[in-house]
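S.K.: As input, take entry21.cif (mmCIF, C-alpha atoms):
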data_upload
#
loop_
_atom_site.label_atom_id
_atom_site.label_comp_id
_atom_site.auth_asym_id
_atom_site.auth_seq_id
_atom_site.Cartn_x
_atom_site.Cartn_y
_atom_site.Cartn_z
CA MET Z 283 -30.80 18.05 -1.32
CA LYS Z 284 -29.85 16.33 -4.53
CA TYR Z 285 -26.23 17.17 -3.79
CA VAL Z 286 -26.43 15.64 -0.31
CA LEU Z 287 -27.99 12.45 -1.67
CA THR Z 288 -25.30 12.20 -4.32
CA MET Z 289 -22.61 12.54 -1.66
CA ILE Z 290 -24.22 9.95 0.59
CA PHE Z 291 -24.43 7.59 -2.35
CA ALA Z 292 -20.78 8.28 -3.17
CA VAL Z 293 -19.68 7.53 0.41
CA VAL Z 294 -21.71 4.33 0.51
CA SER Z 295 -20.38 3.14 -2.84
CA LEU Z 296 -16.84 4.02 -1.76
CA MET Z 297 -17.28 1.79 1.28
CA ALA Z 298 -18.89 -0.97 -0.81
CA GLN Z 299 -16.02 -0.80 -3.26
CA GLN Z 300 -13.63 -1.37 -0.35
CA GLY Z 301 -15.56 -4.42 0.68
CA ALA Z 302 -15.54 -5.81 -2.83
CA THR Z 303 -11.79 -5.65 -3.16
CA SER Z 304 -11.19 -7.28 0.21
CA ALA Z 305 -12.12 -10.72 -1.17
CA GLY Z 306 -9.41 -13.07 -2.34
CA VAL Z 307 -7.55 -16.14 -1.22
CA VAL Z 308 -6.14 -16.89 2.20
CA VAL Z 309 -3.51 -19.40 3.25
CA GLY Z 310 -4.89 -22.91 2.76
CA ASP Z 311 -7.19 -21.99 -0.13
CA LEU Z 312 -6.84 -23.46 -3.61
CA ALA Z 313 -5.02 -21.06 -5.92
CA PRO Z 314 -7.01 -19.73 -8.88
CA SER Z 315 -5.56 -20.76 -12.24
CA PHE Z 316 -4.54 -18.20 -14.84
CA ARG Z 317 -3.20 -17.83 -18.35
CA LEU Z 318 -1.63 -14.45 -19.12
CA LYS Z 319 0.62 -12.92 -21.75
CA ASN Z 320 4.33 -12.63 -21.04
CA VAL Z 321 6.60 -9.84 -22.29
CA ASP Z 322 7.87 -12.24 -25.00
CA GLY Z 323 4.35 -12.49 -26.43
CA LYS Z 324 3.83 -16.08 -25.26
CA PHE Z 325 1.22 -17.08 -22.71
CA VAL Z 326 2.12 -18.33 -19.25
CA ALA Z 327 -0.30 -20.51 -17.30
CA LEU Z 328 -0.29 -21.89 -13.78
CA ASP Z 329 -0.53 -25.38 -15.28
CA ASP Z 330 2.78 -24.86 -17.11
CA TYR Z 331 4.45 -25.37 -13.72
CA ARG Z 332 2.97 -28.78 -12.95
CA THR Z 333 6.45 -30.34 -12.70
CA SER Z 334 7.50 -27.78 -10.04
CA LYS Z 335 7.15 -28.15 -6.29
CA GLY Z 336 5.50 -24.78 -6.17
CA LEU Z 337 5.43 -21.27 -7.54
CA VAL Z 338 6.16 -17.77 -6.25
CA VAL Z 339 3.66 -15.27 -7.68
CA VAL Z 340 4.63 -11.60 -7.27
CA PHE Z 341 2.11 -8.89 -8.14
CA THR Z 342 4.30 -5.96 -9.07
CA CYS Z 343 4.62 -3.23 -11.68
CA ASN Z 344 6.96 -0.72 -13.29
CA HIS Z 345 6.00 2.58 -11.71
CA CYS Z 346 5.53 1.90 -8.00
CA PRO Z 347 8.56 3.10 -6.01
CA TYR Z 348 8.11 0.19 -3.62
CA SER Z 349 8.24 -2.26 -6.52
CA VAL Z 350 11.30 -0.48 -7.84
CA LYS Z 351 12.99 -0.76 -4.41
CA TYR Z 352 12.39 -4.50 -4.60
CA GLU Z 353 13.36 -5.14 -8.26
CA ASP Z 354 16.90 -6.33 -7.61
CA ARG Z 355 15.74 -8.33 -4.61
CA ILE Z 356 13.05 -10.04 -6.72
CA ILE Z 357 15.68 -11.04 -9.29
CA ALA Z 358 17.90 -12.50 -6.54
CA LEU Z 359 14.92 -14.17 -4.90
CA ALA Z 360 13.87 -15.81 -8.19
CA ALA Z 361 17.28 -17.49 -8.45
CA GLU Z 362 17.12 -18.75 -4.86
CA THR Z 363 13.54 -20.03 -4.92
CA SER Z 364 13.97 -21.63 -8.38
CA ARG Z 365 16.86 -23.68 -7.00
CA LEU Z 366 14.46 -24.98 -4.35
CA GLY Z 367 11.92 -26.02 -6.99
CA PHE Z 368 9.76 -22.87 -6.73
CA PRO Z 369 10.12 -20.73 -9.88
CA LEU Z 370 9.01 -17.09 -9.65
CA ILE Z 371 6.69 -15.15 -11.92
CA ALA Z 372 5.78 -11.45 -11.82
CA ILE Z 373 2.29 -10.23 -12.70
CA ASN Z 374 1.50 -6.60 -13.49
CA PRO Z 375 -2.16 -5.92 -12.62
CA ASN Z 376 -2.26 -2.15 -13.13
CA ASP Z 377 -4.53 -0.27 -15.51
CA PRO Z 378 -2.21 1.27 -18.14
CA VAL Z 379 -4.79 3.97 -18.79
CA LYS Z 380 -4.27 5.22 -15.23
CA VAL Z 381 -0.53 4.56 -15.23
CA PRO Z 382 0.98 4.63 -18.74
CA GLU Z 383 4.33 3.60 -17.26
CA ASP Z 384 2.78 0.19 -16.52
CA SER Z 385 1.73 -0.50 -20.13
CA TYR Z 386 2.60 -3.80 -21.81
CA GLU Z 387 5.15 -2.01 -24.03
CA ASN Z 388 6.83 -0.49 -20.98
CA MET Z 389 6.85 -3.87 -19.24
CA LYS Z 390 8.87 -5.24 -22.15
CA VAL Z 391 11.33 -2.36 -21.82
CA ARG Z 392 11.73 -2.85 -18.06
CA ALA Z 393 12.13 -6.64 -18.32
CA LYS Z 394 14.89 -6.15 -20.88
CA GLU Z 395 16.64 -3.31 -19.00
CA LYS Z 396 16.72 -5.23 -15.73
CA GLY Z 397 17.35 -8.59 -17.38
CA PHE Z 398 14.40 -10.31 -15.72
CA THR Z 399 15.11 -14.04 -15.59
CA PHE Z 400 11.44 -14.83 -14.96
CA PRO Z 401 8.14 -14.23 -16.81
CA TYR Z 402 6.68 -10.75 -16.43
CA ILE Z 403 3.06 -11.19 -17.42
CA VAL Z 404 0.19 -8.78 -17.81
CA ASP Z 405 -3.18 -9.15 -16.06
CA GLU Z 406 -5.06 -7.09 -18.60
CA THR Z 407 -8.57 -7.72 -17.24
CA GLN Z 408 -7.35 -7.52 -13.61
CA GLU Z 409 -9.33 -10.71 -12.94
CA VAL Z 410 -6.33 -12.63 -11.61
CA ALA Z 411 -5.43 -9.87 -9.16
CA LYS Z 412 -9.06 -9.78 -8.01
CA GLN Z 413 -9.29 -13.56 -7.61
CA TYR Z 414 -6.09 -13.66 -5.58
CA GLY Z 415 -7.07 -10.58 -3.60
CA ALA Z 416 -3.89 -8.72 -4.46
CA LYS Z 417 -4.07 -5.28 -2.84
CA ARG Z 418 -0.81 -3.55 -3.56
CA THR Z 419 2.50 -3.85 -5.33
CA PRO Z 420 4.55 -5.76 -4.48
CA HIS Z 421 2.27 -8.45 -3.03
CA VAL Z 422 3.45 -12.07 -2.96
CA PHE Z 423 1.56 -15.37 -3.02
CA VAL Z 424 3.58 -18.58 -2.59
CA LEU Z 425 1.77 -21.60 -4.02
CA LEU Z 426 2.46 -25.21 -3.14
CA HIS Z 427 1.90 -27.88 -5.77
CA ASN Z 428 0.20 -30.73 -4.03
CA GLY Z 429 -0.90 -33.78 -6.02
CA GLY Z 430 -2.14 -31.77 -8.99
CA ALA Z 431 -3.73 -29.05 -6.85
CA TRP Z 432 -2.26 -25.65 -6.14
CA GLN Z 433 -2.57 -24.45 -2.59
CA VAL Z 434 -1.87 -20.98 -1.23
CA ALA Z 435 0.88 -21.36 1.39
CA TYR Z 436 2.08 -17.80 2.04
CA VAL Z 437 0.62 -14.34 1.40
CA GLY Z 438 2.37 -11.06 2.03
CA ALA Z 439 5.62 -9.17 1.91
CA ILE Z 440 8.98 -10.18 0.45
CA ASP Z 441 10.89 -9.21 3.59
CA ASP Z 442 10.66 -6.89 6.59
CA ASN Z 443 12.51 -3.81 5.35
CA ALA Z 444 11.58 -2.15 2.07
CA ASN Z 445 13.81 0.88 2.52
CA ASP Z 446 17.08 -0.78 3.35
CA PRO Z 447 18.04 -4.24 2.03
CA ASP Z 448 21.01 -4.28 4.43
CA LYS Z 449 18.70 -4.04 7.43
CA VAL Z 450 16.43 -6.92 6.47
CA GLU Z 451 16.07 -9.34 9.37
CA SER Z 452 13.38 -11.67 8.03
CA ARG Z 453 13.18 -12.84 4.44
CA PHE Z 454 9.58 -14.02 4.60
CA VAL Z 455 9.19 -15.45 1.08
CA LEU Z 456 12.53 -17.23 1.02
CA ASP Z 457 11.94 -18.63 4.52
CA ALA Z 458 8.47 -19.86 3.50
CA VAL Z 459 9.82 -21.52 0.35
CA LYS Z 460 12.64 -23.17 2.31
CA SER Z 461 10.13 -24.64 4.76
CA LEU Z 462 7.80 -25.81 1.99
CA ALA Z 463 10.66 -27.33 -0.01
CA SER Z 464 11.59 -29.42 3.02
CA GLY Z 465 8.00 -30.52 3.52
CA ALA Z 466 7.25 -28.24 6.48
CA LYS Z 467 4.71 -25.48 6.94
CA PRO Z 468 6.07 -21.93 6.85
CA ALA Z 469 6.59 -20.52 10.36
CA VAL Z 470 5.19 -17.20 9.11
CA SER Z 471 2.48 -17.65 6.48
CA GLN Z 472 0.98 -14.16 6.37
CA THR Z 473 2.47 -10.67 6.60
CA LYS Z 474 1.40 -7.15 5.78
CA ALA Z 475 3.45 -4.47 4.07
CA ILE Z 476 3.18 -0.92 2.84
CA GLY Z 477 2.88 -0.62 -0.91
CA CYS Z 478 1.22 1.15 -3.83
CA THR Z 479 -2.47 0.52 -4.29
CA ILE Z 480 -3.26 -1.51 -7.39
CA LYS Z 481 -4.59 0.91 -10.00
CA TRP Z 482 -8.00 -0.55 -10.83
CA LYS Z 483 -9.85 0.28 -14.03
CA GLU Z 484 -12.67 2.82 -13.64
CA MET P 230 3.40 40.04 8.67
CA SER P 231 6.28 41.00 10.92
CA LEU P 232 9.73 39.61 10.28
CA PHE P 233 9.48 37.56 13.46
CA ALA P 234 6.14 36.12 12.46
CA SER P 235 7.37 35.12 9.03
CA LEU P 236 10.52 33.64 10.48
CA ALA P 237 8.43 31.71 12.97
CA LEU P 238 6.18 30.43 10.18
CA VAL P 239 9.14 29.30 8.10
CA ALA P 240 10.63 27.61 11.15
CA ALA P 241 7.34 25.84 11.85
CA LEU P 242 7.11 24.58 8.30
CA THR P 243 10.67 23.34 8.01
CA SER P 244 11.42 21.95 11.42
CA GLY P 245 7.84 21.11 12.39
CA VAL P 246 7.81 17.81 10.54
CA GLU P 247 8.98 15.50 13.26
CA GLU P 248 9.88 11.88 13.16
CA VAL P 249 7.57 9.88 15.41
CA ARG P 250 7.12 6.31 16.52
CA LEU P 251 3.63 4.83 16.28
CA HIS P 252 3.12 4.72 20.06
CA GLU P 253 3.91 8.44 20.22
CA LEU P 254 1.31 9.18 17.57
CA GLN P 255 -1.23 6.97 19.31
CA ARG P 256 -0.58 8.71 22.62
CA ARG P 257 -1.41 12.04 20.98
CA LEU P 258 -4.62 10.66 19.45
CA ALA P 259 -5.70 9.25 22.80
CA ALA P 260 -5.04 12.54 24.62
CA GLY P 261 -7.27 14.50 22.26
CA LYS P 262 -10.51 13.99 24.23
CA ASP P 263 -13.12 15.95 22.24
CA THR P 264 -10.90 16.54 19.25
CA THR P 265 -11.57 14.63 16.06
CA PHE P 266 -8.31 13.63 14.39
CA VAL P 267 -8.24 12.91 10.68
CA VAL P 268 -5.05 10.91 10.23
CA ASN P 269 -3.95 10.47 6.63
CA PHE P 270 -1.22 7.97 5.75
CA TRP P 271 0.62 9.10 2.64
CA ALA P 272 4.05 9.37 1.01
CA THR P 273 5.66 11.71 -1.51
CA TRP P 274 6.16 8.73 -3.84
CA CYS P 275 2.47 7.76 -3.77
CA LYS P 276 0.64 9.45 -6.64
CA PRO P 277 -2.96 8.97 -5.45
CA CYS P 278 -1.89 10.22 -2.00
CA VAL P 279 -0.36 13.38 -3.38
CA GLU P 280 -3.48 13.94 -5.46
CA GLU P 281 -5.79 13.81 -2.47
CA LEU P 282 -3.71 15.96 -0.08
CA PRO P 283 -5.44 19.23 -1.10
CA ALA P 284 -8.70 17.73 0.17
CA PHE P 285 -7.18 17.47 3.66
CA ASP P 286 -5.92 21.04 3.46
CA GLN P 287 -9.40 22.24 2.50
CA LEU P 288 -11.01 20.22 5.28
CA SER P 289 -8.71 21.71 7.92
CA ARG P 290 -9.39 25.23 6.64
CA LYS P 291 -13.12 24.78 6.54
CA HIS P 292 -13.27 23.42 10.09
CA ALA P 293 -10.48 25.54 11.54
CA SER P 294 -12.71 26.83 14.35
CA GLU P 295 -13.83 23.35 15.42
CA PRO P 296 -12.04 20.87 17.68
CA MET P 297 -10.49 18.90 14.84
CA LYS P 298 -6.99 18.33 13.52
CA VAL P 299 -5.66 16.81 10.33
CA ILE P 300 -2.42 14.89 10.82
CA LEU P 301 -0.52 13.95 7.67
CA VAL P 302 1.58 10.88 8.47
CA SER P 303 4.29 10.39 5.88
CA LEU P 304 5.49 6.85 5.25
CA ASP P 305 8.48 8.06 3.30
CA ASN P 306 11.83 6.66 4.28
CA PRO P 307 12.73 8.66 7.45
CA THR P 308 16.19 9.28 5.97
CA GLU P 309 14.41 11.39 3.32
CA ARG P 310 12.53 13.57 5.81
CA GLU P 311 14.62 16.69 5.19
CA THR P 312 15.43 16.09 1.53
CA LYS P 313 11.97 15.10 0.30
CA VAL P 314 9.13 15.42 2.80
CA VAL P 315 9.92 18.85 4.27
CA PRO P 316 10.55 20.55 0.87
CA PHE P 317 7.39 18.95 -0.53
CA LEU P 318 5.19 20.18 2.32
CA LYS P 319 6.84 23.59 2.31
CA ARG P 320 5.97 23.94 -1.39
CA ARG P 321 2.39 22.88 -0.79
CA GLY P 322 2.03 25.05 2.32
CA TYR P 323 -0.60 23.13 4.24
CA GLU P 324 -0.26 25.43 7.27
CA LEU P 325 -3.25 24.10 9.19
CA CYS P 326 -2.35 20.44 8.92
CA ASP P 327 0.14 18.83 11.25
CA ALA P 328 2.74 16.64 9.57
CA VAL P 329 4.98 13.88 10.87
CA VAL P 330 7.18 11.19 9.37
CA LEU P 331 6.54 7.77 10.83
CA ASN P 332 9.75 6.05 11.85
CA GLU P 333 8.64 2.51 12.32
CA PRO P 334 10.53 -0.42 10.81
CA LYS P 335 8.93 -3.82 10.22
CA PRO P 336 5.56 -2.90 8.70
CA HIS P 337 4.30 -6.45 9.28
CA LEU P 338 4.32 -5.64 12.99
CA TRP P 339 2.84 -2.13 13.09
CA ILE P 340 0.19 -2.04 10.30
CA ASP P 341 -2.26 -4.05 12.42
CA ARG P 342 -1.72 -1.67 15.33
CA VAL P 343 -3.19 1.14 13.21
CA ASP P 344 -6.13 -0.96 12.04
CA GLN P 345 -6.66 -4.71 11.61
CA SER P 346 -8.48 -4.14 8.31
CA TRP P 347 -5.60 -2.25 6.71
CA SER P 348 -3.97 -4.16 3.86
CA GLY P 349 -0.99 -1.83 3.94
CA SER P 350 -1.67 0.09 0.75
CA ILE P 351 -1.87 3.87 0.79
CA PRO P 352 -3.57 6.28 0.80
CA ALA P 353 -5.40 5.26 3.96
CA THR P 354 -7.21 7.45 6.46
CA LEU P 355 -8.26 7.09 10.07
CA PHE P 356 -10.98 9.28 11.63
CA ILE P 357 -10.75 9.10 15.39
CA ARG P 358 -12.33 10.83 18.38
CA GLY P 359 -11.84 9.16 21.73
CA GLU P 360 -13.15 5.61 21.36
CA ARG P 361 -14.88 6.26 18.06
CA ARG P 362 -12.96 5.39 14.91
CA LEU P 363 -13.45 4.88 11.20
CA PHE P 364 -10.67 3.54 9.01
CA GLY P 365 -10.48 2.98 5.27
CA GLU P 366 -8.23 2.79 2.24
CA PHE P 367 -10.06 5.68 0.63
CA GLN P 368 -8.92 8.09 -2.01
CA PHE P 369 -10.79 11.28 -1.31
CA SER P 370 -12.02 14.11 -3.43
CA PRO P 371 -12.58 17.28 -1.35
CA GLU P 372 -16.35 16.65 -1.51
CA LEU P 373 -16.12 13.04 -0.38
CA LEU P 374 -13.76 13.86 2.46
CA GLU P 375 -16.06 16.65 3.64
CA SER P 376 -19.11 14.39 3.60
CA MET P 377 -17.30 11.49 5.27
CA PHE P 378 -16.05 13.87 7.98
CA THR P 379 -19.54 15.30 8.50
CA LYS P 380 -20.98 11.80 8.68
CA PHE P 381 -18.38 10.80 11.28
CA GLN P 382 -19.08 13.93 13.34
CA THR P 383 -22.87 13.68 13.30
CA GLU P 384 -23.13 9.93 13.88
CA GLY P 385 -21.11 10.20 17.03
CA LYS P 386 -23.53 12.60 18.69
#
When written as structure tokens, how does the structure in this file appear?
M.R.:
Amino acid sequence: MKYVLTMIFAVVSLMAQQGATSAGVVVGDLAPSFRLKNVDGKFVALDDYRTSKGLVVVFTCNHCPYSVKYEDRIIALAAETSRLGFPLIAINPNDPVKVPEDSYENMKVRAKEKGFTFPYIVDETQEVAKQYGAKRTPHVFVLLHNGGAWQVAYVGAIDDNANDPDKVESRFVLDAVKSLASGAKPAVSQTKAIGCTIKWKE
Amino acid sequence: MSLFASLALVAALTSGVEEVRLHELQRRLAAGKDTTFVVNFWATWCKPCVEELPAFDQLSRKHASEPMKVILVSLDNPTERETKVVPFLKRRGYELCDAVVLNEPKPHLWIDRVDQSWSGSIPATLFIRGERRLFGEFQFSPELLESMFTKFQTEGK
């Protein structure tokens, strides 16, 4: 009997846990601010970008094969969106205890190896990922800077084909940034994608 | 086991992992009538998925005599079906589970067709029998999967 009760409790808490992680921002919401440590040891904050038109925030990590598939595309994307006034930053939200490959030390190694041209910052407490409602890696949030406020303008995937960059038909993030840079609303402001679950602390 | 039987088993394990489109999978789930399908979305590259696969093997063994079927739906790149997915499953030997590789481009269009609540991260599992369904981004231990399955079965009666 005790066993059955334990299992019922476990199922219920598993479902509750799902509910808890489904919170986060949606398009139109104000973007939560943050201040997190970059691979160069300096802190990066949302407010540092107050002279930009907007910001592309990519939750990603070292170990996830989907993130790895997108690494080169993220580097290329950063150059394109920066030119349009939307710099890109990458945030690693994963628990390094669960995935040692995603430790701060290993982030430094990866950023150097790949020559990241953008901050690669660590969300040690996982609070930023929770506030944004990041679910997987990679998961992108495009923010629009609007009279001192930061507004969420796009949430979702980088493009529509993770496996084959040559077969991409829609570059969602770039298209959204192009629209926003010209003062228009993105035609597509929300997409879903397959990815690795964020490795939450126990 | 006779030579023919072992050859047939090997053939089933190597060539049995077919590439399917989502509508083909959904047609099978809809045709099941009294069968409960436990559909697990996984990939060889997904560590938590690979960790929980034995739970699905155990579930299918334990309920082998009941109208239920575990379907392991791989989200690996379909081009890696023969090089990665088939060898992986052959090594693991989950004989009682069915396995397919989903060939469906443009995830932003098909994820919602599986379940509106799905964020797109895996592992994710769908329990379905006729009109009844339960979907979640769970990571199961054998005990949790067993109790969730039992709960799904008993609540529907």
S.K.: As a ChimeraX atom specification, could you give me every residue of chain Z near chain P (at most 6 Å apart, counting all atoms listed in the file)?
M.R.: /Z:418,442,473-479
S.K.: Considering all atoms listed in the file, can you say which of P:Leu355, P:Val249, P:Ala259, P:Val267 comes closest to Ser289 (chain P)?
M.R.: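 So, comparing all the options, the nearest one is P:Val267.
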S.K.: When you count only C-alpha atoms, which of these residues is closest to Asp329 (chain Z): Z:Gly397, Z:Gly465, Z:Gly430, Z:Pro382?
M.R.: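 Among Z:Gly397, Z:Gly465, Z:Gly430, Z:Pro382, it is Z:Gly430 that comes nearest to Asp329 (chain Z).
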S.K.: Of the candidates P:Val329, P:Val279, P:Leu258, P:Thr273, which one gets nearest to Thr312 (chain P) if we count all atoms listed in the file?
M.R.: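 Answer, going by the shortest atom-to-atom distance: P:Thr273.
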S.K.: Convert the output of the PyMOL selection byres ((chain Z and resi 405) around 7) on the shown file into explicit residues, formatted as a list in words.
M.R.: Leu318, Ile373, Asn374, Pro375, Ile403, Val404, Glu406, Thr407, Gln408 and Val410 of chain Z
S.K.: Please produce an output containing C-alpha atoms for each residue in the selection, written as a JSON list (two decimals), in the frame of the given file.
M.R.:
[["chain", "number", "residue", "atom", "x", "y", "z"],
["Z", 318, "LEU", "CA", -1.63, -14.45, -19.12],
["Z", 373, "ILE", "CA", 2.29, -10.23, -12.70],
["Z", 374, "ASN", "CA", 1.50, -6.60, -13.49],
["Z", 375, "PRO", "CA", -2.16, -5.92, -12.62],
["Z", 403, "ILE", "CA", 3.06, -11.19, -17.42],
["Z", 404, "VAL", "CA", 0.19, -8.78, -17.81],
["Z", 406, "GLU", "CA", -5.06, -7.09, -18.60],
["Z", 407, "THR", "CA", -8.57, -7.72, -17.24],
["Z", 408, "GLN", "CA", -7.35, -7.52, -13.61],
["Z", 410, "VAL", "CA", -6.33, -12.63, -11.61]]
S.K.: Work out how far CA of Tyr436 (chain Z) is from CA of Asp322 (chain Z), in Å to one decimal.
M.R.: 28.2 Å
S.K.: Would you list the contacts of Asn428 (chain Z) as a ChimeraX atom specification, taking every protein, DNA or RNA residue within 10 Å and counting only C-alpha atoms, but skipping same-chain residues closer than 6 positions in sequence?
M.R.: /Z:332,334-336
